[in-house]
file query_19.tsv (TSV, C-alpha atoms)
chain	number	residue	atom	x	y	z
A	199	MET	CA	95.53	-31.12	-4.60
A	200	LYS	CA	97.42	-34.04	-3.10
A	201	ALA	CA	100.95	-35.12	-3.90
A	202	LEU	CA	102.40	-38.44	-2.78
A	203	ILE	CA	106.18	-38.66	-2.81
A	204	LEU	CA	107.69	-42.13	-2.97
A	205	ASP	CA	111.25	-41.86	-1.67
A	206	GLY	CA	113.14	-44.76	-3.22
A	207	THR	CA	116.58	-43.58	-2.10
A	208	LYS	CA	118.92	-44.71	0.65
A	209	GLY	CA	118.56	-41.37	2.39
A	210	ASP	CA	122.15	-40.24	1.90
A	211	GLY	CA	123.03	-36.55	1.96
A	212	PHE	CA	122.20	-35.43	-1.59
A	213	SER	CA	119.10	-37.64	-1.87
A	214	ALA	CA	117.78	-36.36	1.44
A	215	SER	CA	118.32	-32.83	0.22
A	216	VAL	CA	116.45	-33.49	-3.04
A	217	ARG	CA	113.55	-35.07	-1.20
A	218	GLY	CA	113.37	-32.25	1.34
A	219	ARG	CA	113.54	-29.58	-1.34
A	220	THR	CA	110.84	-31.31	-3.38
A	221	GLU	CA	108.56	-31.39	-0.36
A	222	GLU	CA	109.16	-27.66	0.19
A	223	ILE	CA	108.49	-26.76	-3.44
A	224	LEU	CA	105.24	-28.70	-3.56
A	225	THR	CA	104.01	-27.42	-0.21
A	226	GLY	CA	104.98	-23.90	-1.18
A	227	ALA	CA	102.89	-24.25	-4.33
A	228	GLY	CA	99.86	-25.13	-2.23
A	229	TRP	CA	99.92	-28.91	-2.57
A	230	GLN	CA	99.02	-31.17	0.34
A	231	THR	CA	102.13	-33.36	0.40
A	232	GLU	CA	102.82	-36.75	1.96
A	233	THR	CA	106.08	-38.68	1.70
A	234	LEU	CA	106.47	-42.43	2.04
A	235	THR	CA	110.04	-43.44	2.93
A	236	LEU	CA	110.15	-46.78	1.19
A	237	ARG	CA	113.33	-48.05	2.89
A	238	ASP	CA	111.45	-47.98	6.21
A	239	MET	CA	108.44	-49.84	4.89
A	240	ARG	CA	107.64	-53.52	4.65
A	241	ILE	CA	106.86	-54.01	0.99
A	242	GLY	CA	107.25	-57.45	-0.56
A	243	TYR	CA	107.90	-58.21	-4.23
A	244	CYS	CA	104.93	-58.48	-6.54
A	245	LYS	CA	104.45	-62.21	-7.09
A	246	GLY	CA	102.73	-61.89	-10.44
A	247	CYS	CA	99.87	-63.99	-9.07
A	248	PHE	CA	97.06	-61.83	-10.55
A	249	GLY	CA	95.28	-62.01	-7.19
A	250	CYS	CA	94.62	-58.25	-7.46
A	251	TRP	CA	92.71	-58.96	-10.65
A	252	ILE	CA	90.84	-62.22	-10.17
A	253	LYS	CA	90.68	-62.95	-6.45
A	254	THR	CA	90.53	-59.63	-4.54
A	255	PRO	CA	90.00	-57.10	-7.34
A	256	GLY	CA	91.83	-53.85	-6.71
A	257	ILE	CA	93.58	-55.13	-3.59
A	258	CYS	CA	96.97	-56.84	-3.62
A	259	ALA	CA	96.96	-60.41	-2.31
A	260	ILE	CA	99.99	-59.59	-0.14
A	261	ASN	CA	98.91	-57.97	3.11
A	262	ASP	CA	101.74	-55.56	3.85
A	263	GLU	CA	102.55	-51.90	3.33
A	264	GLY	CA	102.45	-52.30	-0.43
A	265	ARG	CA	98.69	-51.90	0.04
A	266	THR	CA	99.32	-48.58	1.78
A	267	VAL	CA	101.24	-47.28	-1.24
A	268	MET	CA	98.42	-48.36	-3.55
A	269	GLU	CA	95.70	-46.75	-1.43
A	270	ARG	CA	97.56	-43.46	-1.07
A	271	ALA	CA	98.44	-43.39	-4.78
A	272	VAL	CA	94.80	-43.75	-5.79
A	273	LYS	CA	93.84	-40.83	-3.58
A	274	SER	CA	96.59	-38.56	-4.96
A	275	ASP	CA	96.63	-36.16	-7.89
A	276	LEU	CA	100.37	-36.41	-8.34
A	277	LEU	CA	102.76	-39.28	-7.74
A	278	VAL	CA	106.39	-38.19	-7.30
A	279	PHE	CA	109.25	-40.66	-7.53
A	280	VAL	CA	112.57	-39.74	-5.99
A	281	THR	CA	115.18	-42.29	-6.94
A	282	PRO	CA	118.79	-42.85	-7.91
A	283	VAL	CA	118.90	-43.64	-11.62
A	284	THR	CA	119.76	-47.35	-11.47
A	285	PHE	CA	121.21	-48.66	-14.74
A	286	GLY	CA	118.82	-46.17	-16.36
A	287	GLY	CA	115.76	-47.32	-14.41
A	288	TYR	CA	114.32	-46.98	-10.93
A	289	SER	CA	115.96	-48.24	-7.75
A	290	ALA	CA	114.84	-51.69	-6.59
A	291	MET	CA	113.30	-50.08	-3.54
A	292	LEU	CA	111.08	-47.83	-5.64
A	293	LYS	CA	110.32	-50.63	-8.08
A	294	ARG	CA	109.02	-52.85	-5.24
A	295	ALA	CA	106.41	-50.20	-4.50
A	296	MET	CA	105.62	-49.53	-8.15
A	297	ASP	CA	105.18	-53.19	-9.07
A	298	ARG	CA	102.50	-53.32	-6.39
A	299	LEU	CA	100.49	-50.63	-8.22
A	300	LEU	CA	99.25	-53.14	-10.79
A	301	PRO	CA	95.74	-53.02	-9.22
A	302	LEU	CA	95.43	-49.51	-10.70
A	303	LEU	CA	94.69	-51.34	-13.92
A	304	LEU	CA	92.01	-53.84	-14.90
A	305	PRO	CA	93.05	-57.28	-16.15
A	306	PHE	CA	91.62	-57.01	-19.64
A	307	LEU	CA	93.58	-56.19	-22.78
A	308	ILE	CA	92.42	-53.44	-25.12
A	309	LYS	CA	93.95	-51.64	-28.06
A	310	VAL	CA	94.73	-47.95	-27.54
A	311	LYS	CA	96.34	-46.02	-30.42
A	312	GLY	CA	97.71	-49.18	-31.95
A	313	ARG	CA	99.18	-50.60	-28.75
A	314	THR	CA	97.83	-53.13	-26.26
A	315	ARG	CA	97.01	-51.58	-22.88
A	316	HIS	CA	94.99	-52.44	-19.79
A	317	PRO	CA	91.85	-50.43	-19.03
A	318	LEU	CA	92.08	-48.17	-15.99
A	319	ARG	CA	90.38	-49.22	-12.77
A	320	TYR	CA	89.72	-45.69	-11.53
A	321	GLU	CA	88.42	-42.66	-13.39
A	322	LYS	CA	90.97	-40.44	-11.74
A	323	LEU	CA	94.61	-41.45	-11.48
A	324	PRO	CA	97.66	-39.38	-10.49
A	325	SER	CA	100.02	-37.74	-12.92
A	326	LEU	CA	103.65	-38.76	-12.62
A	327	LEU	CA	106.77	-36.81	-11.78
A	328	ALA	CA	110.06	-38.66	-11.55
A	329	ILE	CA	113.17	-37.10	-10.06
A	330	GLY	CA	116.18	-39.19	-10.98
A	331	ILE	CA	119.50	-38.62	-9.27
A	332	LEU	CA	122.77	-39.28	-11.08
A	333	PRO	CA	126.39	-38.75	-9.97
A	334	GLY	CA	127.12	-36.97	-13.26
A	335	PRO	CA	125.97	-36.71	-16.89
A	336	ASP	CA	125.23	-40.02	-18.61
A	337	ALA	CA	123.36	-39.60	-21.87
A	338	GLU	CA	122.19	-43.21	-22.28
A	339	LYS	CA	120.97	-43.65	-18.71
A	340	GLU	CA	119.15	-40.32	-18.86
A	341	LYS	CA	117.46	-41.29	-22.11
A	342	ILE	CA	116.36	-44.66	-20.73
A	343	PHE	CA	114.98	-43.02	-17.59
A	344	GLU	CA	112.95	-40.49	-19.56
A	345	GLU	CA	111.56	-43.15	-21.88
A	346	LEU	CA	110.70	-45.38	-18.93
A	347	LEU	CA	108.63	-42.66	-17.31
A	348	ASP	CA	106.94	-41.90	-20.65
A	349	ALA	CA	106.04	-45.58	-20.98
A	350	ASN	CA	104.66	-45.75	-17.43
A	351	ALA	CA	102.61	-42.61	-18.00
A	352	ALA	CA	101.31	-43.92	-21.33
A	353	ASN	CA	99.95	-46.99	-19.56
A	354	LEU	CA	98.08	-44.70	-17.16
A	355	ARG	CA	97.16	-42.27	-19.95
A	356	LYS	CA	98.44	-39.43	-17.73
A	357	LEU	CA	100.76	-36.46	-17.96
A	358	ASN	CA	104.29	-36.92	-16.78
A	359	SER	CA	107.56	-35.15	-16.37
A	360	CYS	CA	111.07	-36.31	-15.67
A	361	ILE	CA	113.76	-34.33	-13.91
A	362	LEU	CA	117.30	-35.61	-13.91
A	363	LEU	CA	119.61	-34.14	-11.33
A	364	LYS	CA	123.34	-34.42	-11.24
A	365	SER	CA	124.58	-33.52	-7.82
A	366	VAL	CA	126.43	-30.43	-8.95
A	367	ASP	CA	123.71	-28.00	-9.93
A	368	ALA	CA	120.55	-29.40	-8.48
A	369	GLU	CA	118.62	-26.96	-6.37
A	370	ILE	CA	117.72	-24.21	-8.79
A	371	GLU	CA	117.07	-26.68	-11.59
A	372	LEU	CA	114.73	-28.67	-9.34
A	373	LYS	CA	112.62	-25.65	-8.42
A	374	ILE	CA	112.33	-24.45	-12.01
A	375	LYS	CA	111.41	-27.83	-13.43
A	376	VAL	CA	108.95	-28.82	-10.71
A	377	SER	CA	107.25	-25.44	-11.02
A	378	GLU	CA	107.04	-25.83	-14.81
A	379	PHE	CA	105.39	-29.22	-14.44
A	380	LEU	CA	102.91	-28.04	-11.82
A	381	ASN	CA	101.99	-25.24	-14.20
A	382	ARG	CA	101.40	-27.79	-16.98
A	383	LEU	CA	99.23	-29.86	-14.68
A	384	GLU	CA	97.16	-26.87	-13.74
A	385	HIS	CA	96.48	-26.11	-17.38
A	386	GLY	CA	96.00	-29.76	-18.36
A	387	ARG	CA	98.88	-29.87	-20.85
B	50	MET	CA	135.28	-75.06	-24.93
B	51	ALA	CA	134.30	-78.16	-22.91
B	52	ASP	CA	134.99	-76.40	-19.62
B	53	ARG	CA	132.97	-73.27	-20.40
B	54	LYS	CA	130.43	-72.47	-17.69
B	55	ALA	CA	127.04	-70.78	-17.81
B	56	LEU	CA	124.66	-69.54	-15.14
B	57	VAL	CA	121.02	-69.26	-16.14
B	58	ILE	CA	119.28	-66.81	-13.80
B	59	VAL	CA	115.48	-67.05	-13.80
B	60	GLY	CA	114.18	-63.70	-12.63
B	61	SER	CA	110.44	-64.37	-12.52
B	62	PRO	CA	108.80	-63.69	-9.16
B	63	ARG	CA	106.54	-66.64	-10.01
B	64	GLY	CA	109.51	-68.98	-9.76
B	65	ALA	CA	109.27	-72.36	-11.45
B	66	LYS	CA	105.80	-71.85	-12.94
B	67	SER	CA	106.71	-69.09	-15.34
B	68	THR	CA	107.48	-68.37	-18.96
B	69	SER	CA	110.95	-67.26	-17.84
B	70	GLU	CA	111.54	-70.73	-16.38
B	71	SER	CA	110.44	-72.35	-19.66
B	72	ILE	CA	112.81	-70.14	-21.64
B	73	GLY	CA	115.61	-70.62	-19.11
B	74	ASP	CA	115.27	-74.40	-19.22
B	75	TYR	CA	115.34	-74.42	-23.01
B	76	ILE	CA	118.48	-72.31	-23.19
B	77	MET	CA	120.11	-74.39	-20.47
B	78	GLY	CA	119.45	-77.55	-22.48
B	79	GLY	CA	120.88	-75.88	-25.57
B	80	LEU	CA	124.04	-74.85	-23.78
B	81	GLU	CA	124.56	-78.30	-22.29
B	82	LYS	CA	124.15	-79.92	-25.72
B	83	ARG	CA	126.97	-77.69	-26.90
B	84	GLY	CA	129.33	-78.75	-24.16
B	85	VAL	CA	128.75	-75.90	-21.72
B	86	GLN	CA	128.43	-76.76	-18.05
B	87	ALA	CA	125.21	-74.98	-17.11
B	88	GLU	CA	123.65	-74.20	-13.75
B	89	LYS	CA	120.26	-72.60	-13.05
B	90	THR	CA	119.25	-70.37	-10.18
B	91	ARG	CA	115.87	-68.78	-9.44
B	92	LEU	CA	116.07	-65.31	-7.96
B	93	VAL	CA	112.85	-65.81	-5.98
B	94	GLU	CA	114.81	-68.41	-3.97
B	95	ALA	CA	118.32	-66.90	-4.15
B	96	MET	CA	117.27	-63.45	-2.96
B	97	ALA	CA	115.18	-64.79	-0.07
B	98	GLY	CA	118.02	-64.78	2.45
B	99	ASN	CA	121.69	-63.97	3.00
B	100	GLY	CA	122.81	-67.53	2.25
B	101	GLY	CA	121.14	-67.50	-1.15
B	102	ARG	CA	122.52	-64.08	-1.97
B	103	LYS	CA	126.07	-65.11	-1.14
B	104	LYS	CA	125.67	-68.22	-3.28
B	105	LEU	CA	124.38	-66.07	-6.14
B	106	ILE	CA	127.39	-63.78	-5.91
B	107	CYS	CA	129.75	-66.79	-5.91
B	108	SER	CA	127.96	-68.39	-8.85
B	109	VAL	CA	128.22	-65.14	-10.81
B	110	TYR	CA	131.91	-64.92	-9.99
B	111	GLU	CA	132.63	-68.47	-11.14
B	112	THR	CA	130.81	-68.44	-14.48
B	113	ASP	CA	131.81	-67.47	-18.02
B	114	VAL	CA	128.31	-66.63	-19.25
B	115	ILE	CA	125.21	-65.34	-17.53
B	116	VAL	CA	121.81	-65.74	-19.17
B	117	LEU	CA	119.33	-63.53	-17.36
B	118	VAL	CA	115.72	-64.45	-18.16
B	119	PHE	CA	112.89	-62.33	-16.76
B	120	PRO	CA	109.39	-60.92	-17.33
B	121	VAL	CA	108.76	-57.23	-17.96
B	122	TYR	CA	106.95	-55.54	-15.08
B	123	LEU	CA	105.68	-52.00	-15.67
B	124	ASP	CA	107.94	-51.51	-18.68
B	125	SER	CA	111.14	-52.51	-16.88
B	126	LEU	CA	112.66	-55.20	-14.71
B	127	PRO	CA	110.75	-56.63	-11.74
B	128	ALA	CA	112.04	-55.25	-8.44
B	129	LEU	CA	113.43	-58.71	-7.62
B	130	VAL	CA	115.70	-58.62	-10.67
B	131	THR	CA	116.72	-54.99	-10.13
B	132	GLU	CA	117.72	-55.83	-6.57
B	133	ALA	CA	119.81	-58.78	-7.77
B	134	LEU	CA	121.58	-56.60	-10.33
B	135	GLU	CA	122.24	-53.95	-7.68
B	136	LEU	CA	123.74	-56.66	-5.44
B	137	ILE	CA	125.91	-58.09	-8.21
B	138	SER	CA	127.09	-54.66	-9.27
B	139	GLU	CA	127.96	-53.61	-5.72
B	140	THR	CA	129.92	-56.79	-4.94
B	141	ARG	CA	131.54	-57.27	-8.30
B	142	GLY	CA	133.96	-54.41	-8.02
B	143	THR	CA	136.66	-56.46	-6.37
B	144	LYS	CA	135.80	-59.82	-7.88
B	145	GLY	CA	134.77	-59.18	-11.48
B	146	GLY	CA	136.16	-61.70	-13.97
B	147	ALA	CA	137.53	-60.65	-17.33
B	148	GLY	CA	135.64	-61.87	-20.36
B	149	GLN	CA	132.37	-62.70	-18.62
B	150	MET	CA	129.38	-62.37	-20.95
B	151	LEU	CA	125.78	-61.44	-20.25
B	152	LEU	CA	122.75	-62.31	-22.38
B	153	ALA	CA	119.37	-60.93	-21.30
B	154	VAL	CA	116.14	-62.54	-22.45
B	155	SER	CA	112.91	-60.80	-21.50
B	156	ASN	CA	109.27	-61.61	-22.08
B	157	CYS	CA	106.34	-59.25	-21.71
B	158	GLY	CA	102.65	-59.78	-21.13
B	159	PHE	CA	101.64	-57.51	-24.03
B	160	PRO	CA	101.97	-58.92	-27.53
B	161	GLU	CA	104.05	-56.07	-28.95
B	162	VAL	CA	107.72	-56.95	-28.65
B	163	VAL	CA	108.70	-53.26	-28.36
B	164	ASN	CA	107.55	-53.44	-24.72
B	165	ASN	CA	110.80	-55.28	-23.94
B	166	ASP	CA	113.11	-52.54	-25.22
B	167	ILE	CA	113.53	-50.40	-22.12
B	168	ALA	CA	114.09	-53.41	-19.86
B	169	LEU	CA	116.77	-54.79	-22.19
B	170	ARG	CA	118.51	-51.43	-22.38
B	171	ILE	CA	118.59	-51.34	-18.58
B	172	CYS	CA	120.27	-54.75	-18.66
B	173	ARG	CA	122.81	-53.44	-21.17
B	174	GLU	CA	123.59	-50.51	-18.88
B	175	PHE	CA	124.03	-52.94	-16.00
B	176	ALA	CA	126.46	-54.97	-18.12
B	177	ARG	CA	128.39	-51.81	-19.01
B	178	GLU	CA	128.57	-50.64	-15.41
B	179	ALA	CA	129.42	-54.03	-13.92
B	180	GLY	CA	132.04	-54.91	-16.52
B	181	PHE	CA	130.29	-57.74	-18.38
B	182	ILE	CA	130.62	-58.20	-22.11
B	183	TRP	CA	127.15	-57.58	-23.54
B	184	ALA	CA	126.16	-60.62	-25.57
B	185	GLY	CA	122.78	-59.17	-26.45
B	186	GLY	CA	119.18	-58.71	-25.36
B	187	LEU	CA	116.39	-60.86	-26.81
B	188	GLY	CA	112.77	-59.80	-26.30
B	189	LEU	CA	109.65	-61.94	-26.61
B	190	GLY	CA	106.13	-60.53	-26.87
B	191	GLY	CA	102.99	-62.25	-25.65
B	192	GLY	CA	104.87	-64.38	-23.16
B	193	GLU	CA	101.70	-65.75	-21.55
B	194	SER	CA	101.07	-67.72	-24.76
B	195	THR	CA	103.45	-70.42	-23.54
B	196	GLY	CA	101.20	-71.29	-20.61
B	197	GLN	CA	104.43	-71.80	-18.66
B	198	ARG	CA	104.96	-75.12	-20.44
B	199	PRO	CA	108.27	-76.48	-21.83
B	200	LEU	CA	108.87	-74.80	-25.18
B	201	GLU	CA	109.44	-78.13	-26.94
B	202	GLN	CA	105.88	-79.18	-26.10
B	203	LEU	CA	104.33	-76.21	-27.91
B	204	GLY	CA	105.08	-77.32	-31.44
B	205	GLY	CA	105.02	-74.87	-34.32
B	206	MET	CA	104.01	-71.93	-32.16
B	207	THR	CA	107.48	-71.78	-30.62
B	208	ARG	CA	109.50	-73.02	-33.60
B	209	ARG	CA	111.04	-69.65	-34.46
B	210	LEU	CA	111.56	-68.81	-30.79
B	211	ARG	CA	113.44	-72.09	-30.30
B	212	MET	CA	115.51	-71.50	-33.43
B	213	GLY	CA	116.50	-68.06	-32.12
B	214	LEU	CA	117.38	-69.44	-28.69
B	215	ASP	CA	119.41	-72.24	-30.33
B	216	MET	CA	121.39	-69.59	-32.23
B	217	ALA	CA	121.97	-67.74	-28.98
B	218	ALA	CA	123.17	-70.92	-27.25
B	219	SER	CA	125.59	-71.64	-30.11
B	220	ALA	CA	127.01	-68.13	-29.98
B	221	LEU	CA	127.44	-68.19	-26.21
B	222	ALA	CA	129.09	-71.63	-26.32
B	223	GLU	CA	131.68	-70.13	-28.65
B	224	GLY	CA	132.09	-66.96	-26.63
B	225	LYS	CA	130.49	-64.77	-29.31
B	226	PRO	CA	127.66	-62.21	-29.18
B	227	VAL	CA	124.22	-63.32	-30.31
B	228	PRO	CA	123.69	-62.86	-34.08
B	229	GLU	CA	121.07	-60.49	-35.56
B	230	GLU	CA	119.05	-63.38	-36.95
B	231	ALA	CA	118.38	-64.62	-33.40
B	232	TYR	CA	116.79	-61.27	-32.50
B	233	ARG	CA	114.57	-61.42	-35.54
B	234	LEU	CA	113.40	-64.95	-34.78
B	235	VAL	CA	112.73	-64.41	-31.07
B	236	SER	CA	110.83	-61.19	-31.70
B	237	LYS	CA	108.34	-62.87	-34.06
B	238	PRO	CA	104.87	-63.03	-32.43
B	239	LEU	CA	103.92	-66.47	-31.13
B	240	ILE	CA	100.30	-65.74	-32.07
B	241	PRO	CA	98.66	-62.65	-33.65
B	242	ALA	CA	98.11	-59.75	-31.26
B	243	TRP	CA	94.32	-59.71	-31.65
B	244	LEU	CA	94.16	-63.43	-30.81
B	245	TYR	CA	96.44	-62.97	-27.82
B	246	ARG	CA	94.13	-60.26	-26.47
B	247	TRP	CA	91.10	-62.44	-27.09
B	248	PHE	CA	92.58	-65.45	-25.27
B	249	GLY	CA	93.85	-63.25	-22.45
B	250	ASN	CA	90.45	-61.65	-21.89
B	251	ARG	CA	88.71	-65.02	-22.05
B	252	TRP	CA	91.08	-66.44	-19.45
B	253	HIS	CA	90.59	-63.52	-17.07
B	254	ARG	CA	86.80	-63.66	-17.39
B	255	LYS	CA	86.86	-67.40	-16.79
B	256	GLU	CA	89.10	-67.14	-13.73
B	257	ALA	CA	87.11	-64.26	-12.24
B	258	GLY	CA	83.87	-66.08	-13.04
B	259	LYS	CA	84.78	-68.91	-10.66
B	260	ASN	CA	83.50	-66.61	-7.92
B	261	ARG	CA	80.14	-65.31	-9.09
B	262	SER	CA	80.02	-62.58	-6.44
B	263	LEU	CA	83.32	-61.08	-7.59
B	264	ASP	CA	83.23	-57.56	-9.01
B	265	VAL	CA	86.29	-57.51	-11.27
B	266	LYS	CA	85.99	-53.73	-11.69
B	267	ALA	CA	85.77	-53.00	-7.96
B	268	ARG	CA	87.25	-49.71	-6.73
B	269	PRO	CA	88.13	-50.42	-3.09
B	270	TYR	CA	90.22	-47.25	-2.66
B	271	ARG	CA	87.94	-44.73	-4.29
B	272	GLY	CA	89.21	-41.35	-3.12

call {"tool": "encode", "arguments": {"input": "query_19.tsv", "output": "structure tokens"}}
result
Amino acid sequence: MKALILDGTKGDGFSASVRGRTEEILTGAGWQTETLTLRDMRIGYCKGCFGCWIKTPGICAINDEGRTVMERAVKSDLLVFVTPVTFGGYSAMLKRAMDRLLPLLLPFLIKVKGRTRHPLRYEKLPSLLAIGILPGPDAEKEKIFEELLDANAANLRKLNSCILLKSVDAEIELKIKVSEFLNRLEHGR
Amino acid sequence: MADRKALVIVGSPRGAKSTSESIGDYIMGGLEKRGVQAEKTRLVEAMAGNGGRKKLICSVYETDVIVLVFPVYLDSLPALVTEALELISETRGTKGGAGQMLLAVSNCGFPEVVNNDIALRICREFAREAGFIWAGGLGLGGGESTGQRPLEQLGGMTRRLRMGLDMAASALAEGKPVPEEAYRLVSKPLIPAWLYRWFGNRWHRKEAGKNRSLDVKARPYRG
């Protein structure tokens, strides 16, 4: 089973520790793990041009490392986001990479459980795990972050889990929650 | 209020040919009619280099009202907009002006207006963190219906949207938050959801059909 970690942090002390610990937990659980350090990659903004839908289907029109993220994501079973919680959402760095994942979906609009969605391009897509880092408790930002991940996962029709870490008590909480989610994935819940 | 200033920030990565631009232009016109000195900036240009970023920071510093108009990408703000908000938040600490207001107006590619909610709440959190007075967040569903044309040219389809935006402009010109009625008007569907899906699918098939050898459902990265 393959896990792709997208590190959308600035690489400061606590973030680096969270990323490193996440890699250890996944590897220890038998996952083949790869990490993409987004701050070191050349990933342009999605231009909203629909090229990945109507000109080069499945491939972003921008030829940079955004294509690398897309290719690795498709071949993964689990996509892990490590990010500071930014106004309740993802960091801009992570969002650059995520916006470029639009080719995971087909252009058409369908109705799924009362809501408009796009059909999926691939039969198998990764589940999502988001690890959001906060300096301290913030109920509204935490709620937004959880709902954002739920919404992203609903568009992919995949399982997801969200772990919010405040720098004080992170390590044990991270191991417990990642392990719980991996267990859920294994049993398809 | 003749010397009140507004900055309309268009956050669409598509730049000028976008629904966000159409909405931004309409609001800008509304503010100017009400005596507000309005300026527009497109993030796709402003964020392209250090010069543009510095100008953006200065423009934010000098204004009374910011109207942030953007499309929803993957249930939240496009990376371009997030990066601009990060920049503003980081630099504002020493230069933040008291009483500055922020109105966010989002539009999403799905017809259901609820798809704007998370993005607008992120904007509200940005306002809270950066010290802006939150004037409100207006969400529009089915944004592609405008065809990126000026809202005034779309007749009855955008009547309620324009009424809501006019209310917002009036409130901002007076330094007040946007009234509830504006939310209700802007959130009304421009066209029924089933029709929006039908038109959207027809457009995509037509565009893809221009190249007969194209396989729209291609899987280039099959694992």

call {"tool": "interface_residues", "arguments": {"input": "query_19.tsv", "of": "chain A", "to": "chain B", "cutoff": "6 Å", "atoms": "all atoms listed in the file", "output": "list in words"}}
result
Lys245, Ile252, Pro255, Glu269, Lys273, Phe285, Gly286, Ala290, Lys293, Arg294, Phe306 and Leu307 of chain A

call {"tool": "atom_distance", "arguments": {"input": "query_19.tsv", "atom1": "CA of Leu80 (chain B)", "atom2": "CA of Asp52 (chain B)"}}
result
11.8 Å

call {"tool": "residues_around", "arguments": {"input": "query_19.tsv", "residues": "Asp262 (chain A)", "least_positions_apart": "2", "cutoff": "10 Å", "atoms": "all atoms listed in the file", "output": "tab-separated table (two decimals) with C-alpha atoms, in the frame of the given file"}}
result
chain	number	residue	atom	x	y	z
A	239	MET	CA	108.44	-49.84	4.89
A	240	ARG	CA	107.64	-53.52	4.65
A	241	ILE	CA	106.86	-54.01	0.99
A	242	GLY	CA	107.25	-57.45	-0.56
A	258	CYS	CA	96.97	-56.84	-3.62
A	259	ALA	CA	96.96	-60.41	-2.31
A	260	ILE	CA	99.99	-59.59	-0.14
A	264	GLY	CA	102.45	-52.30	-0.43
A	265	ARG	CA	98.69	-51.90	0.04
A	266	THR	CA	99.32	-48.58	1.78
A	267	VAL	CA	101.24	-47.28	-1.24

call {"tool": "atom_distance", "arguments": {"input": "query_19.tsv", "atom1": "CA of Leu300 (chain A)", "atom2": "CA of Cys250 (chain A)"}}
result
7.7 Å

call {"tool": "atom_distance", "arguments": {"input": "query_19.tsv", "atom1": "CA of Ile76 (chain B)", "atom2": "CA of Lys54 (chain B)"}}
result
13.2 Å

call {"tool": "residues_around", "arguments": {"input": "query_19.tsv", "residues": "Ile182 (chain B)", "least_positions_apart": "3", "cutoff": "12 Å", "atoms": "only C-alpha atoms", "output": "VMD selection string"}}
result
chain B and resid 113 to 116 145 to 153 172 to 179 185 to 186 221 224 to 227

call {"tool": "residues_near_point", "arguments": {"input": "query_19.tsv", "point": "(105.6, -39.1, -6.9)", "cutoff": "7 Å", "atoms": "all atoms listed in the file", "output": "PDB file with C-alpha atoms, in the coordinates of the input"}}
result
ATOM      1  CA  ALA A 201     100.950 -35.120  -3.900  1.00  0.00           C
ATOM      2  CA  LEU A 202     102.400 -38.440  -2.780  1.00  0.00           C
ATOM      3  CA  ILE A 203     106.180 -38.660  -2.810  1.00  0.00           C
ATOM      4  CA  LEU A 204     107.690 -42.130  -2.970  1.00  0.00           C
ATOM      5  CA  LEU A 276     100.370 -36.410  -8.340  1.00  0.00           C
ATOM      6  CA  LEU A 277     102.760 -39.280  -7.740  1.00  0.00           C
ATOM      7  CA  VAL A 278     106.390 -38.190  -7.300  1.00  0.00           C
ATOM      8  CA  PHE A 279     109.250 -40.660  -7.530  1.00  0.00           C
ATOM      9  CA  LEU A 326     103.650 -38.760 -12.620  1.00  0.00           C
ATOM     10  CA  LEU A 327     106.770 -36.810 -11.780  1.00  0.00           C
ATOM     11  CA  ALA A 328     110.060 -38.660 -11.550  1.00  0.00           C
TER      12      ALA A 328
END

call {"tool": "closest_residue", "arguments": {"input": "query_19.tsv", "among": "B:Leu210, B:Val85, B:Val109, B:Ile240", "to": "Arg141 (chain B)", "atoms": "all atoms listed in the file"}}
result
B:Val109

call {"tool": "residues_near_point", "arguments": {"input": "query_19.tsv", "point": "(124.0, -76.4, -24.3)", "cutoff": "12 Å", "atoms": "all atoms listed in the file", "output": "MDAnalysis selection string"}}
result
chainID B and resid 50:57 73:88 114 214:223

call {"tool": "closest_residue", "arguments": {"input": "query_19.tsv", "among": "B:Ala65, B:Val162, B:Ile137, B:Glu70", "to": "Leu200 (chain B)", "atoms": "all atoms listed in the file"}}
result
B:Glu70

call {"tool": "residues_around", "arguments": {"input": "query_19.tsv", "residues": "region 353-365 of chain A", "least_positions_apart": "3", "cutoff": "9 Å", "atoms": "all atoms listed in the file", "output": "NGL selection string"}}
result
(:A and (212 or 216 or 283 or 302-303 or 315-318 or 323-335 or 340 or 343-344 or 347-350 or 368-369 or 371-372 or 375-376 or 379 or 382-383 or 386-387)) or (:B and (123))

call {"tool": "closest_residue", "arguments": {"input": "query_19.tsv", "among": "B:Pro228, B:Val59, B:Gly100, B:Ser71", "to": "Leu203 (chain B)", "atoms": "all atoms listed in the file"}}
result
B:Ser71

call {"tool": "build_atoms", "arguments": {"input": "query_19.tsv", "residues": "region 350-354 of chain A", "atoms": "N, CA and C atoms", "output": "compact mmCIF listing (two decimals), keeping the file's coordinate frame"}}
result
# COMPACT_ATOMS: atom_id res chain seq x y z
N ASN A 350 105.53 -45.57 -18.59
CA ASN A 350 104.66 -45.75 -17.43
C ASN A 350 103.45 -44.82 -17.53
N ALA A 351 103.69 -43.59 -17.91
CA ALA A 351 102.61 -42.61 -18.00
C ALA A 351 101.65 -42.97 -19.13
N ALA A 352 102.17 -43.53 -20.21
CA ALA A 352 101.31 -43.92 -21.33
C ALA A 352 100.35 -45.03 -20.89
N ASN A 353 100.83 -45.93 -20.04
CA ASN A 353 99.95 -46.99 -19.56
C ASN A 353 98.84 -46.44 -18.68
N LEU A 354 99.11 -45.32 -18.00
CA LEU A 354 98.08 -44.70 -17.16
C LEU A 354 97.32 -43.62 -17.92
